[in-house]
Structure formats: structure tokens, C-alpha cells
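The structure appears below as C-alpha cells.
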Amino acid sequence: MSTTEAPVSRSGQVAKESPHRWPAAIRTLMIGTFLVRSLGFTYPFLPYRLEHLHLTTRTVSCVLAVFGGGWLLGSILCGWLADRIGHRATLLAAMLAASAALPLLAQAHSVPGLLAAAFTAGVVYDAPRPVFTAAIAVTFPEDRVRTSVNAWRNFAVNAGAAAAGTAGGLLAGPIGIPALIWANAAACALFALLVWYFMPPAQRDFDTNNRQPAGYRAALVDPRLWLLLVTSLCALTCAASLFSLMPMLMAEDGLAASDYGLTQTANAGAVLLLSPILNRWLVARADRPAPMTGLLAASSVVLGTTMGAAGFASTALGYSAAAALAVPGEVLAFGATADILNRISPASARGLYAGIWGTTLAVAVLIAPALGGWALTHGGDRLAAATTFGVGLLGAVLSWPLARIVLRARHERSAA
């Protein structure tokens with residue numbers, strides 16, 4: 001659904017796109033997002049934490065899948081809470097819960113304890129994403145400005161994640177992975193403090209003409225949302241391989257956590273180099289009436305190809321090249337899905353739609369290690385490469401019916 005209102009002047013757009021003119025809530029969310037991502041060591045280094053406990057590949061895959069199950073539930077819950085109790089209250093609760101849950105995962109040793117801690121940590125690990133997505137949609141009515149702010153948000157996420165991989169690779173040996181997870185918990189606590197001091201205590205998070213947030217029933221029967229979920233899932237399953245399949249492949253090749261840190265350094269360099277260029281291009285395309293489904297298809301192919309190529313690598317240099325080449329696919333995937341989500345989300349259910357879409361990340365976190373573990377067990381590196389590429393290609397194919405149904409719904413509203 002198009003959310004464009006009365007056009008603003010070019011100078012007005014530039015002012016609203018400037019980080020210095022963003023509202024305090026948006027600046028706080030941007031800084032906090034980068035903070036928890038740059039110290040977000042838990043998920044990317046969890047496979048190495050589990051390997052140090054001498055668990056089997058099957059058990060490692062199960063723990064990672066349980067973490068993803070918590071992530072799925074947490075995304076929906078936080079999206080729903082953002083519409084019901086507000087952005088500030090939702091983030092405060094989630095970040096405080098994360099600061100308590102992550103240390104449990106750092107200290108657990110038994111399999112039941114690991115499973116319980118992984119699920120709890122997964123619920124709150126990605127809580128800021130649906131809240132931030134909803135806040136951007138509510139704060140900025142112009143598609144172009146939304147795309148610009150979303151691009152900065154995605155840059156903060158990607159740069160932070162790459163920084164976490166780099167720093168984690170350097171620190172994992174000297175201080176240990178449990179200490180890294182404790183640092184992740186401290187970042188969540190600091191984010192909660194920033195939210196408490198700098199986000200407004202009261203805000204309208206949905207359209208005043210429709211004060212009751214839309215229910216799940218309307219969202220779950222929206223075919224546009226379902227197609228976006230499935231299409232995004234394919235692309236993001238490939239993207240999640242960077243943090244699940246790749247460390248599993250590198251462990252199989254006898255490479256250490258420090259080598260995995262090198263792949264994240266390469267990813268970070270590519271993010272810093274390419275994101276500003278690609279973000280400007282995405283902003284320039286935001287004023288077009290057609291949704292960015294073509295870019296979503298392209299991103300799925302790029303991610304499937306680059307992460308599939310990791311199955312043919314055997315050295316830290318080869319894995320690093322795959323991680324760097326995946327960056328354009330990551331940037332395009334998140335930019336395109338944000339554009340499509342803004343077009344189809346009702347004003348009264350921004351958080352709900354963002355939370356439901358966020359489940360694709362959680363399901364991708366479930367599927368990527370499970371699919372990777374299955375492929376490694378039954379066919380080795382080559383089967384892992386083939387399955388990853390096949391998932392990316394499927395995402396590109398599914399983008400075509402998504403484009404048709406989004407454009408058809410737009411034309412029907414225009415005719416009415």
C-alpha cells in the first residue's frame with residue numbers, strides 16, 4: 001500500500017533525510033541498533049561456543065535451530081507490543097530481558113540448559129528490528145525519506161554485524177567466547193538506558209483515525225504479505241548462511257574462530273565501501289510507483305551464488321572473498337523488502353507487519369543451520385553449495401508473482 005502523502009519540496013526532503021534533523025527517538029534507535037549489533041557476538045560465535053563443549057554436529061544444529069525458534073516468537077511478540085504498548089516500552093522490556101538472558105547462554109554447559117538458554121536469548125536477540133521498522137514508517141510519511149532512513153538503519157546493522165565478527169575473531173582466543181556473550185548482554189543493557197533517557201515517554205504509534213491496531217486475522221490473510229514472507233525467506237536463508245553454514249564449513253576445514261573473524265573483516269570492508277553507493281541508488285528508486293521486487297529477485301540470486309560459492313572454498317581467503325561478495329545482495333535484500341513492506345502495511349499495524357516479516361529472519365536462522373548440517377552430513381561441501389544456490393534461485397522466481405499481486409492491489413485501489 002502506497003504511503004506517500006502530499007509531496008514536499010526538495011529542500012524539505014534533504015532536511016528530513018539529514019541525521020542531524022531526525023527526531024530523538026530515531027537517533028536513539030539508530031545508535032542503539034549499531035551498538036547491539038557491533039557487540040552482537042552471540043549468534044555468529046555460538047557455533048564455536050558449542051564446538052568447544054564437544055557437542056555433535058546434530059546437537060549444534062538443534063541448539064542453533066532452537067535459538068531461531070525463540071527469534072521467531074520474539075519478532076512477532078515485539079511487533080505486536082510495539083503497536084499495543086508503544087515503541088519505548090517494548091524496547092525497554094526487550095533489552096532488559098536480553099541483558100539477563102544472554103549471560104545464561106554464556107554459562108550453560110548441559111544440553112537441556114543450552115536449549116533453554118538459546119530459546120530465551122533468541123526471543124530478545126533481534127527485538128529492536130520490528131520496533132525500528134515501525135518507528136520509521138510512523139515518523140516519515142514520504143517514501144523517499146523512509147528509504148533513506150531505512151538505508152542508514154541497514155547500514156548500521158550490516159556494519160555493526162561485520163564489526164562484531166571482526167572484533168569477535170580477534171578477542172575469542174584471548175578472552176573466550178563466553179566473555180563475548182557477556183559483552184553482548186552489556187550492550188543490551190546500555191541500549192535500554194539510552195531508550196530510558198532519550199526516547200519520548202509517550203508517542204502515537206499508529207494512525208489517530210484508527211486507534212485500534214489491526215488484528216492478526218487481517219495480516220494473515222493478506223496474500224501480499226505471505227508472498228513477501230516466502231520470497232524474503234529464500235534470500236535471507238542464503239544471507240543467514242554467513243553466520244551459520246560458513247562457520248560450520250570452516251570448522252570442517254579445520255579453520256579457527258580467528259579465521260572466521262577474517263571473513264567478517266572482509267564483509268565489514270565491503271559494507272563500508274559499497275553500502276553508501278547502493279543506498280543512494282535505492283533512495284533514487286524510491287519515488288518510482290513500482291515496488292522493488294526486481295531488486296529483491298536480484299539480491300536472492302546474488303546471495304545464493306556467493307554463499308553457495310563458500311562450499312568450494314577451503315582457505316580463509318576464499319571464505320573472505322565469498323563474505324565480501326555477498327554484501328551487495330544483503331544491501332539490496334533489506335532495502336527492497338523495506339520498500340515493499342512500507343507499501344503494503346496498514347498505518348495501524350506497522351509494528352505487526354514488521355514483526356511478522358521479521359519472522360523470515362528467524363525462520364532463516366532455523367533453516368540455514370539445519371539445511372547446512374543436513375547437506376554436510378549427506379553430501380559434504382558440494383551439496384551445501386548446491387542447496388544454497390537453489391534456495392536463492394527459488395527466491396528470485398517467487399519475486400515475479402509478488403510483483404504482480406502488489407501492482408494489482410495498487411491498481412484496484414486507484415480505480416476505487
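By convention in this document, the chains of the C-alpha cells carry letters A, B, ... by their order, each chain's residues are numbered from 1, and ligands are numbered from 1 in the order they are shown.
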
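For Thr388 in chain A, the set of protein, DNA and RNA residues having any atom at most 8 Å away, when counting only C-alpha atoms and skipping those fewer than 6 positions along the same chain, is A:Cys238, A:Gly304, A:Thr305, A:Met307, A:Gly308.
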
Neighbour list for range 126-140 of chain A as a PyMOL selection string, cut-off 6 Å, only C-alpha atoms, skip fewer than 3 positions in-chain: chain A and resi 79+82+87+146+350-351+354-355

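Taking only C-alpha atoms into account, Ile277 in chain A lies nearest to A:Leu332 out of the set A:Leu96, A:Leu332, A:Leu255, A:Leu53.
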
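One distance worth recording is that between CA of Ser241 in chain A and CA of Ala310 in chain A, which is 9.5 Å.
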
Nearest residue to Ala286 in chain A from the set A:Leu227, A:Ala183, A:Glu142, A:Leu273 (distances using only C-alpha atoms): A:Glu142

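Nearest-residue note for Phe67 in chain A: choosing from A:Trp22, A:Phe119, A:Phe334, A:Tyr353, the minimum distance belongs to A:Phe119, counting only C-alpha atoms.
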
Secondary structure check, helix (DSSP H, G or I) residues of range 220-320 of chain A, as a PyMOL selection string: chain A and resi 220+223-240+245-252+257-285+293-312+316-320

Nearest candidate to Arg288 in chain A (options A:Ala89, A:Ile340, A:Leu115, A:Leu352; using only C-alpha atoms): A:Ile340

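With only C-alpha atoms as the basis for measurement, A:Val149 is the residue among A:Val149, A:Ser99, A:Gln107, A:Trp71 that approaches Arg27 in chain A most closely.
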
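When the distance limit is 8 Å and only C-alpha atoms are what count, the residues near range 367-369 of chain A, minus those fewer than 5 positions from it on the same chain, are Ser61, Leu64, Ala65, Thr237, Cys238, Ala240, Ser241, Ser244 and Leu245 of chain A.
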
10 Å contact set for range 228-231 of chain A, only C-alpha atoms, chain neighbours under 3 positions out, as number ranges by chain: A: 223-225, 234-236, 293, 296-297, 300, 337, 340-341, 344, 356-361, 391-392, 394-403, 406

Counting only C-alpha atoms, the option among A:Ala116, A:Val145, A:Ala192, A:Phe198 closest to Pro23 in chain A: A:Phe198

Leu376 in chain A surroundings by only C-alpha atoms, 10 Å radius, close-in-sequence under 3 positions cut, as an MDAnalysis selection string: chainID A and resid 57 245 248:249 252 311 370:373 379:385

For the selection just defined, write its residues with C-alpha atoms to a file, as a compact mmCIF listing (two decimals), in the first residue's frame.
# COMPACT_ATOMS: atom_id res chain seq x y z
CA THR A 57 27.05 -31.59 14.63
CA LEU A 245 26.79 -22.50 7.30
CA MET A 248 30.32 -24.85 10.04
CA LEU A 249 32.18 -25.20 6.72
CA GLU A 252 35.03 -28.78 8.90
CA GLY A 311 31.09 -24.55 -0.41
CA ALA A 370 19.51 -27.23 9.63
CA LEU A 371 19.91 -27.27 5.84
CA GLY A 372 23.65 -26.77 6.15
CA GLY A 373 24.01 -29.56 8.69
CA GLY A 379 26.91 -34.73 0.64
CA GLY A 380 29.63 -32.51 2.07
CA ASP A 381 30.66 -29.09 0.83
CA ARG A 382 29.38 -29.53 -2.73
CA LEU A 383 25.84 -30.41 -1.66
CA ALA A 384 25.85 -27.44 0.73
CA ALA A 385 26.81 -25.20 -2.20

Close residues, Val66 in chain A itself excluded, 12 Å, only C-alpha atoms, min 5 positions apart in chain, as a PyMOL selection string: chain A and resi 43+59-61+71-73+111-123+362-363+365-367+369-370

Neighbour list for Met250 in chain A as a ChimeraX atom specification, cut-off 9 Å, only C-alpha atoms, skip fewer than 5 positions in-chain: /A:245,255-257,259-260,313-316,319

Could those selected residues go to a file with C-alpha atoms, as a short mmCIF file (atom, residue, chain, number, x, y, z; two decimals), in the first residue's frame?
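Okay, result39.cif is ready:
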data_model
loop_
_atom_site.label_atom_id
_atom_site.label_comp_id
_atom_site.auth_asym_id
_atom_site.auth_seq_id
_atom_site.Cartn_x
_atom_site.Cartn_y
_atom_site.Cartn_z
CA LEU A 245 26.79 -22.50 7.30
CA LEU A 255 39.91 -23.26 10.45
CA ALA A 256 39.71 -21.41 13.78
CA ALA A 257 37.41 -18.69 15.06
CA ASP A 259 39.90 -17.21 10.59
CA TYR A 260 36.16 -16.69 10.71
CA ALA A 313 36.37 -22.62 -0.53
CA SER A 314 38.95 -24.24 1.71
CA THR A 315 41.05 -21.30 2.92
CA ALA A 316 40.33 -18.20 4.97
CA TYR A 319 35.75 -17.69 2.55
#

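CA of Thr28 in chain A is positioned 26.2 Å from CA of Thr265 in chain A.
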
Atom-to-atom span, CA of Met292 in chain A and CA of Ala336 in chain A, Å: 5.1 Å
